[in-house]
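One file, query28.txt, carrying compact mmCIF, C-alpha atoms and all ligand atoms:
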```txt
# COMPACT_ATOMS: atom_id res chain seq x y z
CA ARG A 6 -1.25 15.90 14.51
CA PRO A 7 -4.15 17.30 12.54
CA LEU A 8 -3.51 14.68 9.83
CA ARG A 9 -4.77 11.94 12.13
CA VAL A 10 -8.05 13.71 12.75
CA ASN A 11 -8.60 14.28 9.06
CA LEU A 12 -7.77 10.70 8.19
CA HIS A 13 -10.23 9.52 10.76
CA SER A 14 -13.15 11.51 9.43
CA VAL A 15 -12.32 10.48 5.88
CA LEU A 16 -12.21 6.82 6.84
CA VAL A 17 -15.49 7.03 8.68
CA VAL A 18 -17.10 8.25 5.45
CA ASP A 19 -15.39 5.34 3.69
CA MET A 20 -17.07 3.00 6.10
CA PHE A 21 -20.57 3.99 5.04
CA PHE A 22 -19.87 3.26 1.39
CA PHE A 23 -18.56 -0.19 2.12
CA LEU A 24 -21.06 -1.09 4.78
CA ALA A 25 -23.96 -1.59 2.40
CA PHE A 26 -21.84 -3.52 -0.08
CA ILE A 27 -20.28 -5.79 2.50
CA CYS A 28 -23.41 -6.61 4.46
CA GLU A 29 -25.06 -7.73 1.25
CA CYS A 30 -22.35 -10.00 -0.13
CA LEU A 31 -19.85 -11.14 2.44
CA GLY A 32 -21.63 -12.28 5.57
CA PRO A 33 -21.11 -11.05 9.11
CA THR A 34 -18.78 -8.12 9.73
CA GLN A 35 -16.89 -6.86 12.75
CA LYS A 36 -15.48 -3.47 13.63
CA MET A 37 -11.77 -3.61 12.84
CA ASN A 38 -9.01 -1.12 12.38
CA LEU A 39 -6.27 -1.80 9.84
CA PHE A 40 -3.99 -3.86 12.06
CA GLN A 41 -6.94 -5.98 13.18
CA SER A 42 -8.04 -6.57 9.59
CA VAL A 43 -4.50 -7.78 8.83
CA THR A 44 -4.73 -10.14 11.82
CA SER A 45 -8.08 -11.36 10.54
CA ALA A 46 -6.62 -12.14 7.09
CA LEU A 47 -3.71 -14.04 8.69
CA ASP A 48 -6.11 -15.87 11.01
CA ASN A 49 -8.28 -16.95 8.03
CA THR A 50 -5.16 -18.18 6.20
CA LEU A 51 -3.76 -20.19 9.12
CA ALA A 52 -7.21 -21.74 9.64
CA SER A 53 -7.82 -22.75 6.03
CA ASP A 54 -4.29 -23.60 4.85
CA PRO A 55 -2.51 -26.13 7.11
CA THR A 56 0.82 -25.38 5.39
CA ALA A 57 0.74 -21.63 6.17
CA VAL A 58 3.41 -20.28 8.50
CA ILE A 59 4.09 -16.75 9.77
CA PHE A 60 7.55 -15.63 10.83
CA GLY A 61 9.54 -12.47 11.47
CA GLU A 62 11.02 -10.38 14.24
CA ASP A 63 8.75 -10.46 17.30
CA VAL A 64 5.70 -11.86 15.49
CA ALA A 65 5.26 -14.61 18.12
CA PHE A 66 4.17 -12.17 20.82
CA GLY A 67 2.02 -10.21 18.39
CA GLY A 68 4.49 -7.92 16.63
CA VAL A 69 5.29 -4.28 17.39
CA PHE A 70 2.07 -3.19 15.66
CA ARG A 71 0.01 -6.11 17.07
CA CYS A 72 -0.78 -7.56 13.62
CA THR A 73 -0.12 -11.15 14.72
CA VAL A 74 -1.56 -10.88 18.21
CA GLY A 75 -3.06 -14.15 19.49
CA LEU A 76 -2.04 -16.23 16.48
CA ARG A 77 0.82 -18.15 18.12
CA ASP A 78 -1.49 -19.21 20.97
CA LYS A 79 -4.23 -20.21 18.54
CA TYR A 80 -2.10 -22.07 15.95
CA GLY A 81 1.06 -23.08 17.80
CA LYS A 82 4.67 -22.04 17.93
CA ASP A 83 5.66 -24.10 14.91
CA ARG A 84 3.34 -22.01 12.71
CA VAL A 85 3.87 -18.52 14.15
CA PHE A 86 7.46 -17.97 15.25
CA ASN A 87 10.22 -15.44 15.74
CA THR A 88 13.32 -15.24 13.57
CA PRO A 89 16.73 -13.77 14.31
CA LEU A 90 17.14 -10.04 13.53
CA CYS A 91 18.21 -10.72 9.96
CA GLU A 92 16.00 -9.55 7.11
CA GLN A 93 18.05 -11.32 4.46
CA GLY A 94 17.60 -14.52 6.47
CA ILE A 95 13.84 -13.96 6.89
CA VAL A 96 13.21 -13.61 3.16
CA GLY A 97 15.73 -16.33 2.20
CA PHE A 98 13.99 -18.69 4.60
CA GLY A 99 10.61 -17.62 3.20
CA ILE A 100 11.71 -18.43 -0.35
CA GLY A 101 12.78 -21.90 0.80
CA VAL A 102 9.49 -22.48 2.62
CA ALA A 103 7.50 -21.43 -0.46
CA VAL A 104 9.59 -23.46 -2.91
CA ALA A 105 9.20 -26.50 -0.65
CA GLY A 106 5.42 -26.22 -1.06
CA ALA A 107 4.15 -24.29 1.96
CA THR A 108 2.56 -20.87 2.26
CA ALA A 109 5.17 -18.45 3.63
CA ILE A 110 4.14 -15.15 5.22
CA ALA A 111 7.17 -13.14 6.28
CA GLU A 112 7.07 -9.94 8.28
CA ILE A 113 9.76 -7.29 7.94
CA GLN A 114 9.34 -5.11 11.02
CA PHE A 115 9.62 -1.80 9.12
CA ALA A 116 9.82 -1.23 5.35
CA ASP A 117 12.90 0.88 6.14
CA TYR A 118 14.67 -2.35 7.11
CA ILE A 119 13.75 -4.35 4.02
CA TYR A 120 16.98 -3.35 2.26
CA PRO A 121 19.14 -6.15 3.73
CA ALA A 122 16.63 -8.51 2.06
CA PHE A 123 16.75 -6.67 -1.26
CA ASP A 124 19.03 -9.26 -2.86
CA GLN A 125 16.84 -12.16 -1.76
CA ILE A 126 13.72 -10.41 -3.08
CA VAL A 127 14.91 -9.07 -6.43
CA ASN A 128 17.57 -11.66 -7.30
CA GLU A 129 16.03 -14.83 -5.89
CA ALA A 130 12.29 -14.58 -5.19
CA ALA A 131 11.49 -12.54 -8.30
CA LYS A 132 13.54 -14.75 -10.65
CA TYR A 133 12.85 -18.21 -9.26
CA ARG A 134 10.12 -19.21 -11.70
CA TYR A 135 11.85 -17.70 -14.74
CA ARG A 136 15.26 -19.21 -14.13
CA SER A 137 13.88 -22.69 -13.49
CA GLY A 138 11.77 -22.60 -16.65
CA ASN A 139 8.63 -22.76 -14.50
CA LEU A 140 9.77 -25.97 -12.78
CA PHE A 141 9.93 -24.22 -9.40
CA ASP A 142 8.46 -21.03 -8.03
CA CYS A 143 8.07 -19.19 -4.75
CA GLY A 144 4.70 -17.68 -5.58
CA ASN A 145 3.40 -18.69 -2.17
CA LEU A 146 5.67 -16.14 -0.49
CA THR A 147 4.15 -12.93 0.85
CA ILE A 148 6.25 -10.28 2.58
CA ARG A 149 4.44 -7.79 4.83
CA ALA A 150 6.04 -4.59 6.08
CA PRO A 151 4.79 -1.43 7.83
CA TRP A 152 5.36 1.52 5.50
CA GLY A 153 5.20 5.30 5.24
CA CYS A 154 5.30 8.26 7.57
CA VAL A 155 3.82 8.18 11.06
CA GLY A 156 4.36 11.68 12.44
CA HIS A 157 7.54 11.02 14.41
CA GLY A 158 9.28 8.13 12.67
CA SER A 159 12.29 10.06 11.38
CA LEU A 160 14.64 8.58 8.83
CA TYR A 161 14.42 4.86 9.69
CA HIS A 162 10.71 4.45 10.45
CA SER A 163 9.03 6.54 7.75
CA GLN A 164 10.19 5.42 4.33
CA SER A 165 8.11 4.35 1.32
CA PRO A 166 10.37 2.08 -0.72
CA GLU A 167 7.78 0.87 -3.27
CA ALA A 168 9.61 2.34 -6.26
CA PHE A 169 12.73 0.23 -5.61
CA PHE A 170 10.63 -2.91 -5.98
CA ALA A 171 8.50 -1.57 -8.83
CA HIS A 172 11.66 -1.85 -10.96
CA CYS A 173 11.70 -5.61 -10.51
CA PRO A 174 9.69 -7.92 -12.81
CA GLY A 175 8.50 -11.11 -11.10
CA ILE A 176 7.03 -9.66 -7.92
CA LYS A 177 3.87 -7.76 -7.07
CA VAL A 178 3.73 -4.70 -4.84
CA VAL A 179 0.48 -3.81 -3.08
CA ILE A 180 -0.52 -1.01 -0.67
CA PRO A 181 -3.98 -0.72 0.98
CA ARG A 182 -5.71 2.48 2.13
CA GLY A 183 -7.88 1.10 4.94
CA PRO A 184 -9.08 -1.95 6.89
CA VAL A 185 -11.45 -3.38 4.25
CA GLN A 186 -8.85 -3.11 1.49
CA ALA A 187 -6.06 -4.39 3.74
CA LYS A 188 -7.76 -7.70 4.41
CA GLY A 189 -9.00 -8.30 0.85
CA LEU A 190 -5.73 -7.31 -0.81
CA LEU A 191 -3.57 -9.24 1.68
CA LEU A 192 -5.59 -12.41 1.06
CA SER A 193 -5.15 -11.83 -2.68
CA CYS A 194 -1.38 -11.50 -2.18
CA ILE A 195 -1.24 -14.69 -0.13
CA SER A 196 -3.13 -16.69 -2.78
CA ASP A 197 -1.40 -15.04 -5.76
CA LYS A 198 0.94 -17.27 -7.76
CA ASN A 199 3.76 -14.73 -7.54
CA PRO A 200 5.78 -13.45 -4.60
CA CYS A 201 4.10 -10.31 -3.27
CA ILE A 202 5.24 -7.41 -1.13
CA PHE A 203 2.43 -5.97 0.97
CA PHE A 204 3.21 -2.54 2.43
CA GLU A 205 0.96 -1.50 5.33
CA PRO A 206 0.61 2.26 5.95
CA LYS A 207 1.55 2.33 9.62
CA ILE A 208 -0.12 5.69 10.38
CA LEU A 209 -3.41 4.02 9.40
CA TYR A 210 -3.06 0.94 11.65
CA ARG A 211 -5.16 2.58 14.35
CA ALA A 212 -6.57 5.54 12.42
CA ALA A 213 -10.12 4.29 11.96
CA VAL A 214 -12.38 1.30 12.23
CA GLU A 215 -14.55 -0.11 9.47
CA GLN A 216 -17.01 -2.97 9.29
CA VAL A 217 -14.79 -5.75 7.93
CA PRO A 218 -16.12 -9.19 6.94
CA VAL A 219 -15.02 -11.92 9.34
CA GLU A 220 -14.92 -14.51 6.55
CA PRO A 221 -12.13 -14.45 3.95
CA TYR A 222 -12.65 -12.40 0.77
CA THR A 223 -10.34 -11.05 -1.89
CA ILE A 224 -9.94 -7.78 -3.78
CA PRO A 225 -8.38 -8.19 -7.23
CA LEU A 226 -4.74 -7.14 -7.61
CA SER A 227 -3.64 -4.75 -10.36
CA GLN A 228 -7.00 -2.99 -10.28
CA ALA A 229 -7.13 0.65 -9.31
CA GLU A 230 -10.30 1.95 -7.68
CA VAL A 231 -12.01 5.18 -8.68
CA LEU A 232 -13.11 6.60 -5.32
CA GLN A 233 -14.67 9.77 -6.66
CA GLU A 234 -15.59 10.74 -10.18
CA GLY A 235 -14.69 14.17 -11.53
CA SER A 236 -14.20 16.05 -14.78
CA ASP A 237 -11.25 18.49 -14.46
CA VAL A 238 -8.28 16.80 -12.77
CA THR A 239 -7.31 13.19 -12.03
CA LEU A 240 -5.63 12.65 -8.64
CA VAL A 241 -3.69 9.38 -8.29
CA ALA A 242 -2.23 8.10 -5.01
CA TRP A 243 -2.08 5.01 -2.77
CA GLY A 244 -1.99 4.19 0.94
CA THR A 245 -2.01 7.14 3.32
CA GLN A 246 -1.78 9.71 0.53
CA ILE A 247 -5.16 8.71 -0.90
CA HIS A 248 -6.79 10.28 2.17
CA VAL A 249 -4.90 13.51 1.57
CA MET A 250 -6.07 13.43 -2.06
CA ARG A 251 -9.69 13.07 -1.03
CA GLU A 252 -9.38 16.12 1.16
CA VAL A 253 -7.65 17.98 -1.66
CA ALA A 254 -10.51 17.05 -4.00
CA ASN A 255 -13.00 18.61 -1.56
CA MET A 256 -10.86 21.75 -1.20
CA ALA A 257 -10.49 22.07 -4.98
CA GLN A 258 -14.25 21.87 -5.35
CA GLU A 259 -15.00 24.37 -2.57
CA LYS A 260 -12.22 26.89 -3.17
CA LEU A 261 -11.69 26.65 -6.94
CA GLY A 262 -14.83 25.03 -8.31
CA VAL A 263 -12.58 22.33 -9.77
CA SER A 264 -13.95 18.79 -10.08
CA CYS A 265 -11.41 16.06 -9.25
CA GLU A 266 -11.44 12.35 -9.97
CA VAL A 267 -9.67 10.43 -7.19
CA ILE A 268 -8.00 7.08 -7.98
CA ASP A 269 -6.46 4.68 -5.47
CA LEU A 270 -3.87 2.68 -7.42
CA GLN A 271 -3.80 -0.13 -4.76
CA THR A 272 -1.33 -2.27 -6.72
CA ILE A 273 1.94 -0.55 -7.66
CA LEU A 274 3.31 -3.47 -9.69
CA PRO A 275 1.85 -4.41 -12.12
CA TRP A 276 -0.26 -1.23 -12.08
CA ASP A 277 -3.62 -0.52 -13.68
CA THR A 278 -2.68 1.75 -16.60
CA GLU A 279 -6.13 1.41 -18.13
CA THR A 280 -8.11 2.96 -15.28
CA VAL A 281 -5.63 5.84 -14.92
CA CYS A 282 -5.39 6.57 -18.66
CA LYS A 283 -9.15 6.36 -19.13
CA SER A 284 -9.54 8.98 -16.43
CA VAL A 285 -6.89 11.31 -17.86
CA VAL A 286 -8.46 11.09 -21.31
CA LYS A 287 -11.61 12.47 -19.64
CA THR A 288 -10.06 15.13 -17.37
CA GLY A 289 -6.97 16.18 -19.38
CA ARG A 290 -4.97 16.77 -16.18
CA LEU A 291 -3.10 14.45 -13.83
CA LEU A 292 -1.61 14.95 -10.38
CA ILE A 293 0.29 12.05 -8.81
CA SER A 294 1.39 12.26 -5.21
CA HIS A 295 3.51 10.06 -2.94
CA GLU A 296 5.61 10.46 0.18
CA ALA A 297 8.73 8.88 -1.31
CA PRO A 298 11.35 11.21 -2.87
CA ILE A 299 10.33 12.58 -6.25
CA THR A 300 13.39 11.45 -8.22
CA GLY A 301 12.80 7.94 -9.54
CA GLY A 302 9.60 7.67 -7.51
CA PHE A 303 6.69 5.67 -8.92
CA ALA A 304 4.94 8.90 -9.97
CA ALA A 305 7.63 9.24 -12.65
CA GLU A 306 6.64 5.90 -14.16
CA ILE A 307 2.95 6.79 -14.16
CA SER A 308 3.71 10.19 -15.65
CA SER A 309 5.77 8.72 -18.47
CA THR A 310 3.15 6.12 -19.40
CA VAL A 311 0.31 8.63 -19.29
CA GLN A 312 2.07 11.14 -21.54
CA GLU A 313 2.74 8.35 -24.04
CA GLU A 314 -0.85 7.12 -23.98
CA CYS A 315 -2.75 10.39 -23.50
CA PHE A 316 -0.52 13.09 -25.05
CA LEU A 317 -3.23 14.65 -27.20
CA ASN A 318 -5.70 14.70 -24.29
CA LEU A 319 -3.46 16.59 -21.88
CA GLU A 320 -4.43 20.20 -21.10
CA ALA A 321 -1.42 20.80 -18.82
CA PRO A 322 1.88 19.12 -17.94
CA ILE A 323 1.47 16.19 -15.54
CA SER A 324 2.17 17.24 -11.93
CA ARG A 325 4.05 15.30 -9.28
CA VAL A 326 3.82 16.35 -5.63
CA CYS A 327 6.13 14.06 -3.69
CA GLY A 328 8.72 13.91 -0.93
CA TYR A 329 11.91 15.91 -1.39
CA ASP A 330 15.18 14.31 -2.47
CA THR A 331 16.50 14.11 1.09
CA PRO A 332 16.46 11.42 3.77
CA PHE A 333 13.12 11.41 5.59
CA PRO A 334 13.44 14.15 8.24
CA HIS A 335 12.41 14.14 11.89
CA ILE A 336 11.16 17.56 13.05
CA PHE A 337 10.77 18.70 9.43
CA GLU A 338 8.32 15.93 8.54
CA PRO A 339 5.41 18.40 8.20
CA PHE A 340 7.45 20.33 5.62
CA TYR A 341 8.60 17.19 3.84
CA ILE A 342 5.32 15.38 3.24
CA PRO A 343 3.21 16.19 0.15
CA ASP A 344 0.41 17.82 2.14
CA LYS A 345 -2.94 19.10 0.93
CA TRP A 346 -1.67 22.66 0.43
CA LYS A 347 1.13 21.60 -1.93
CA CYS A 348 -1.33 19.42 -3.84
CA LEU A 349 -3.89 22.23 -4.09
CA GLU A 350 -1.19 24.57 -5.47
CA ALA A 351 -0.37 21.99 -8.12
CA ILE A 352 -4.03 21.81 -9.12
CA LYS A 353 -4.17 25.62 -9.42
CA ARG A 354 -1.09 25.59 -11.65
CA MET A 355 -2.59 22.93 -13.92
CA ILE A 356 -5.95 24.69 -14.18
CA ASN A 357 -4.28 28.05 -14.98
CA TYR A 358 -1.72 26.60 -17.38
C1 LIG A 401 1.08 -22.87 -3.39
O1 LIG A 401 -0.09 -23.06 -2.64
C2 LIG A 401 -1.13 -23.68 -3.36
C3 LIG A 401 -2.37 -23.65 -2.47
O2 LIG A 401 -2.08 -24.07 -1.17
C4 LIG A 401 -0.69 -25.09 -3.75
O3 LIG A 401 -1.70 -25.71 -4.49
C5 LIG A 401 0.58 -24.98 -4.60
O4 LIG A 401 1.07 -26.26 -4.90
C6 LIG A 401 1.66 -24.18 -3.87
N1 LIG A 401 2.79 -23.93 -4.77
C7 LIG A 401 3.98 -24.51 -4.59
C8 LIG A 401 5.02 -24.13 -5.56
O5 LIG A 401 4.21 -25.25 -3.70
```
Using the file provided, produce a representation of the structure as structure tokens.
Ligand SMILES: *[C@@H]1O[C@H](CO)[C@@H](O)[C@H](O)[C@H]1NC(C)=O
Amino acid sequence: RPLRVNLHSVLVVDMFFFLAFICECLGPTQKMNLFQSVTSALDNTLASDPTAVIFGEDVAFGGVFRCTVGLRDKYGKDRVFNTPLCEQGIVGFGIGVAVAGATAIAEIQFADYIYPAFDQIVNEAAKYRYRSGNLFDCGNLTIRAPWGCVGHGSLYHSQSPEAFFAHCPGIKVVIPRGPVQAKGLLLSCISDKNPCIFFEPKILYRAAVEQVPVEPYTIPLSQAEVLQEGSDVTLVAWGTQIHVMREVANMAQEKLGVSCEVIDLQTILPWDTETVCKSVVKTGRLLISHEAPITGGFAAEISSTVQEECFLNLEAPISRVCGYDTPFPHIFEPFYIPDKWKCLEAIKRMINY
């Protein structure tokens, strides 16, 4: 698919920006794609934290996306092990492990299959600290899951369920856009004092390589990153869609002479309202885009907050370009996803409003 090619070139540009920064501050780097940078974060954690354990369906042999490859052999089968095919059991077990004082890293094989664990996540993990009056917590639980469209995943291997979890106080929800962010944000999730859900954009696992530090490092949660400054429209996205937004920003500049500011939200819950609102105060226009269905999607939350905070700065209604309110389709995926053309149309509408 053309999307892959575009993502690749965008990520290669990304690499140059980070290269200078990383070489200076964080020691030796290695070429890694996103799944390898996840492995590296897990490897660092198992090495430095003797209580850390990794478990899930098929993680022992490396996982379907190879994120845990080699770790069982390196750290032993009592630290990296398979579970039965039971997501509720995986997260329930993870909560117990974390409450008992160890670092629990659970893998759900696809975000589409996280729903059987929904009760354990929103009713148990998220509430544990609050309902015990801070006597107990399962903040050392991190749940990883591959997320988002992949070109051929159809209805059970393409979903983006972040908005379901964004409705739940007590957990954090994080989504990286590339290898460097994946490692830094995952290590932040693992060391965070709250249970975290880490969604990994599966189309990006092998999309590009970056120079990623071998040593552990963290990227702060709940901080959005301004990837490109601009004056006319703010574009907000996360994960895979941030690469579409960067392309849209270039098209808007070339075709319409419109200057876009591009923001990667990175953490969905709790999200960085300040960075987004500051940008909208400057540009007066906001486009939010995600693959998940538009109704009740996280763009709605951002839109509502921004109109409350920035009403007098807005030059046009806030735009959402999202998935349709249907199950994720198979052969119609190219029509379903919020591609660059739909986003560019939305920018035109806002500029001409
Ligand atoms: C979580 O992990 C940290 C660091 O390993 C540890 O100090 C802390 O006691 C753990 N929390 C619980 C509730 O066990």
Listed atoms of ligand LIG 401 (chain A) boxed along x, y and z, 4 Å each side, centre and edge lengths in Å, one decimal, as lines of an AutoDock Vina configuration file:
```
center_x = 1.3
center_y = -24.6
center_z = -3.4
size_x = 15.4
size_y = 11.4
size_z = 12.4
```
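Residue nearest Asn87 of chain A, chosen from A:Thr73, A:Asn255, A:Gln246, A:Gln216 and counting all atoms listed in the file: A:Thr73.
Between atom CA of Lys82 of chain A and atom CA of Ser53 of chain A the separation is 17.3 Å.
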Selection near Arg290 of chain A, 12 Å with all atoms listed in the file, sequence-local residues under 6 positions removed, as a PDB file with C-alpha atoms, in the coordinates of the input:
```pdb
ATOM      1  CA  GLY A 235     -14.690  14.170 -11.530  1.00  0.00           C
ATOM      2  CA  SER A 236     -14.200  16.050 -14.780  1.00  0.00           C
ATOM      3  CA  ASP A 237     -11.250  18.490 -14.460  1.00  0.00           C
ATOM      4  CA  VAL A 238      -8.280  16.800 -12.770  1.00  0.00           C
ATOM      5  CA  THR A 239      -7.310  13.190 -12.030  1.00  0.00           C
ATOM      6  CA  LEU A 240      -5.630  12.650  -8.640  1.00  0.00           C
ATOM      7  CA  VAL A 241      -3.690   9.380  -8.290  1.00  0.00           C
ATOM      8  CA  VAL A 263     -12.580  22.330  -9.770  1.00  0.00           C
ATOM      9  CA  SER A 264     -13.950  18.790 -10.080  1.00  0.00           C
ATOM     10  CA  CYS A 265     -11.410  16.060  -9.250  1.00  0.00           C
ATOM     11  CA  GLU A 266     -11.440  12.350  -9.970  1.00  0.00           C
ATOM     12  CA  VAL A 267      -9.670  10.430  -7.190  1.00  0.00           C
ATOM     13  CA  VAL A 281      -5.630   5.840 -14.920  1.00  0.00           C
ATOM     14  CA  CYS A 282      -5.390   6.570 -18.660  1.00  0.00           C
ATOM     15  CA  LYS A 283      -9.150   6.360 -19.130  1.00  0.00           C
ATOM     16  CA  SER A 284      -9.540   8.980 -16.430  1.00  0.00           C
ATOM     17  CA  SER A 308       3.710  10.190 -15.650  1.00  0.00           C
ATOM     18  CA  VAL A 311       0.310   8.630 -19.290  1.00  0.00           C
ATOM     19  CA  GLN A 312       2.070  11.140 -21.540  1.00  0.00           C
ATOM     20  CA  CYS A 315      -2.750  10.390 -23.500  1.00  0.00           C
ATOM     21  CA  PHE A 316      -0.520  13.090 -25.050  1.00  0.00           C
ATOM     22  CA  LEU A 317      -3.230  14.650 -27.200  1.00  0.00           C
ATOM     23  CA  ASN A 318      -5.700  14.700 -24.290  1.00  0.00           C
ATOM     24  CA  LEU A 319      -3.460  16.590 -21.880  1.00  0.00           C
ATOM     25  CA  GLU A 320      -4.430  20.200 -21.100  1.00  0.00           C
ATOM     26  CA  ALA A 321      -1.420  20.800 -18.820  1.00  0.00           C
ATOM     27  CA  PRO A 322       1.880  19.120 -17.940  1.00  0.00           C
ATOM     28  CA  ILE A 323       1.470  16.190 -15.540  1.00  0.00           C
ATOM     29  CA  SER A 324       2.170  17.240 -11.930  1.00  0.00           C
ATOM     30  CA  ARG A 325       4.050  15.300  -9.280  1.00  0.00           C
ATOM     31  CA  ALA A 351      -0.370  21.990  -8.120  1.00  0.00           C
ATOM     32  CA  ILE A 352      -4.030  21.810  -9.120  1.00  0.00           C
ATOM     33  CA  LYS A 353      -4.170  25.620  -9.420  1.00  0.00           C
ATOM     34  CA  ARG A 354      -1.090  25.590 -11.650  1.00  0.00           C
ATOM     35  CA  MET A 355      -2.590  22.930 -13.920  1.00  0.00           C
ATOM     36  CA  ILE A 356      -5.950  24.690 -14.180  1.00  0.00           C
ATOM     37  CA  ASN A 357      -4.280  28.050 -14.980  1.00  0.00           C
ATOM     38  CA  TYR A 358      -1.720  26.600 -17.380  1.00  0.00           C
TER      39      TYR A 358
END
```
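Residues near the point (12.3, -2.5, 5.8), at a distance of 9 Å or less over all atoms listed in the file, make up Glu92, Ile113, Gln114, Phe115, Ala116, Asp117, Tyr118, Ile119, Tyr120, Pro121, Ala122, Ala150, Pro151, Trp152, Tyr161, His162, Gln164 and Pro166 of chain A.
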Write out, as a PDB file, in the coordinates of the input, the residues just selected, with C-alpha atoms.
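Contents of part_1.pdb, as written:
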```pdb
ATOM      1  CA  GLU A  92      16.000  -9.550   7.110  1.00  0.00           C
ATOM      2  CA  ILE A 113       9.760  -7.290   7.940  1.00  0.00           C
ATOM      3  CA  GLN A 114       9.340  -5.110  11.020  1.00  0.00           C
ATOM      4  CA  PHE A 115       9.620  -1.800   9.120  1.00  0.00           C
ATOM      5  CA  ALA A 116       9.820  -1.230   5.350  1.00  0.00           C
ATOM      6  CA  ASP A 117      12.900   0.880   6.140  1.00  0.00           C
ATOM      7  CA  TYR A 118      14.670  -2.350   7.110  1.00  0.00           C
ATOM      8  CA  ILE A 119      13.750  -4.350   4.020  1.00  0.00           C
ATOM      9  CA  TYR A 120      16.980  -3.350   2.260  1.00  0.00           C
ATOM     10  CA  PRO A 121      19.140  -6.150   3.730  1.00  0.00           C
ATOM     11  CA  ALA A 122      16.630  -8.510   2.060  1.00  0.00           C
ATOM     12  CA  ALA A 150       6.040  -4.590   6.080  1.00  0.00           C
ATOM     13  CA  PRO A 151       4.790  -1.430   7.830  1.00  0.00           C
ATOM     14  CA  TRP A 152       5.360   1.520   5.500  1.00  0.00           C
ATOM     15  CA  TYR A 161      14.420   4.860   9.690  1.00  0.00           C
ATOM     16  CA  HIS A 162      10.710   4.450  10.450  1.00  0.00           C
ATOM     17  CA  GLN A 164      10.190   5.420   4.330  1.00  0.00           C
ATOM     18  CA  PRO A 166      10.370   2.080  -0.720  1.00  0.00           C
TER      19      PRO A 166
END
```
(request) Counting all atoms listed in the file, name the residues that have an atom within 10 Å of an atom of ligand LIG 401 (chain A); the answer should be given as JSON, numbers by chain. (result) {"A": [50, 53, 54, 55, 56, 57, 102, 103, 104, 105, 106, 107, 108, 109, 134, 139, 140, 141, 142, 143, 144, 145, 146, 195, 196, 197, 198, 199]}
Generate the output file for the selected residues, C-alpha atoms, as a PDB file, keeping the file's coordinate frame.
```pdb
ATOM      1  CA  THR A  50      -5.160 -18.180   6.200  1.00  0.00           C
ATOM      2  CA  SER A  53      -7.820 -22.750   6.030  1.00  0.00           C
ATOM      3  CA  ASP A  54      -4.290 -23.600   4.850  1.00  0.00           C
ATOM      4  CA  PRO A  55      -2.510 -26.130   7.110  1.00  0.00           C
ATOM      5  CA  THR A  56       0.820 -25.380   5.390  1.00  0.00           C
ATOM      6  CA  ALA A  57       0.740 -21.630   6.170  1.00  0.00           C
ATOM      7  CA  VAL A 102       9.490 -22.480   2.620  1.00  0.00           C
ATOM      8  CA  ALA A 103       7.500 -21.430  -0.460  1.00  0.00           C
ATOM      9  CA  VAL A 104       9.590 -23.460  -2.910  1.00  0.00           C
ATOM     10  CA  ALA A 105       9.200 -26.500  -0.650  1.00  0.00           C
ATOM     11  CA  GLY A 106       5.420 -26.220  -1.060  1.00  0.00           C
ATOM     12  CA  ALA A 107       4.150 -24.290   1.960  1.00  0.00           C
ATOM     13  CA  THR A 108       2.560 -20.870   2.260  1.00  0.00           C
ATOM     14  CA  ALA A 109       5.170 -18.450   3.630  1.00  0.00           C
ATOM     15  CA  ARG A 134      10.120 -19.210 -11.700  1.00  0.00           C
ATOM     16  CA  ASN A 139       8.630 -22.760 -14.500  1.00  0.00           C
ATOM     17  CA  LEU A 140       9.770 -25.970 -12.780  1.00  0.00           C
ATOM     18  CA  PHE A 141       9.930 -24.220  -9.400  1.00  0.00           C
ATOM     19  CA  ASP A 142       8.460 -21.030  -8.030  1.00  0.00           C
ATOM     20  CA  CYS A 143       8.070 -19.190  -4.750  1.00  0.00           C
ATOM     21  CA  GLY A 144       4.700 -17.680  -5.580  1.00  0.00           C
ATOM     22  CA  ASN A 145       3.400 -18.690  -2.170  1.00  0.00           C
ATOM     23  CA  LEU A 146       5.670 -16.140  -0.490  1.00  0.00           C
ATOM     24  CA  ILE A 195      -1.240 -14.690  -0.130  1.00  0.00           C
ATOM     25  CA  SER A 196      -3.130 -16.690  -2.780  1.00  0.00           C
ATOM     26  CA  ASP A 197      -1.400 -15.040  -5.760  1.00  0.00           C
ATOM     27  CA  LYS A 198       0.940 -17.270  -7.760  1.00  0.00           C
ATOM     28  CA  ASN A 199       3.760 -14.730  -7.540  1.00  0.00           C
TER      29      ASN A 199
END
```
(message) Restricting the calculation to all atoms listed in the file: of A:Lys177, A:Lys345, A:His335, A:Arg182, which residue gets closest to Glu252 of chain A?
(response) A:Lys345
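Taking all atoms listed in the file into account, Val214 of chain A lies nearest to A:Pro184 out of the set A:Glu112, A:Phe169, A:Ser193, A:Pro184.
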(request) Show which residues sit within 9 Å of Leu39 of chain A, as an MDAnalysis selection string. Count all atoms listed in the file, and ignore same-chain residues fewer than 3 positions away. (result) chainID A and resid 42:44 72 182:188 205:207 209:215
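In this structure, atom CA of Ile268 of chain A sits 25.0 Å away from atom CA of Pro200 of chain A.
Across the model, the gap from atom CA of Ile299 of chain A to atom CA of Ser163 of chain A is 15.3 Å.
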(message) Report as a VMD selection string all protein, DNA and RNA residues lying within 12 Å of Ala304 of chain A, evaluated on all atoms listed in the file, omitting residues in the same chain fewer than 5 positions from it.
(response) chain A and resid 167 to 168 171 240 to 243 270 273 276 291 to 299 309 to 311 323 to 328
(request) With a distance cut-off of 6 Å and only C-alpha atoms, select the neighbouring residues of segment 59-68 of chain A, excluding the residue or stretch itself and same-chain residues fewer than 5 positions from it, and output the selection as number ranges by chain. (result) A: 73-74, 77, 85-88, 110-112
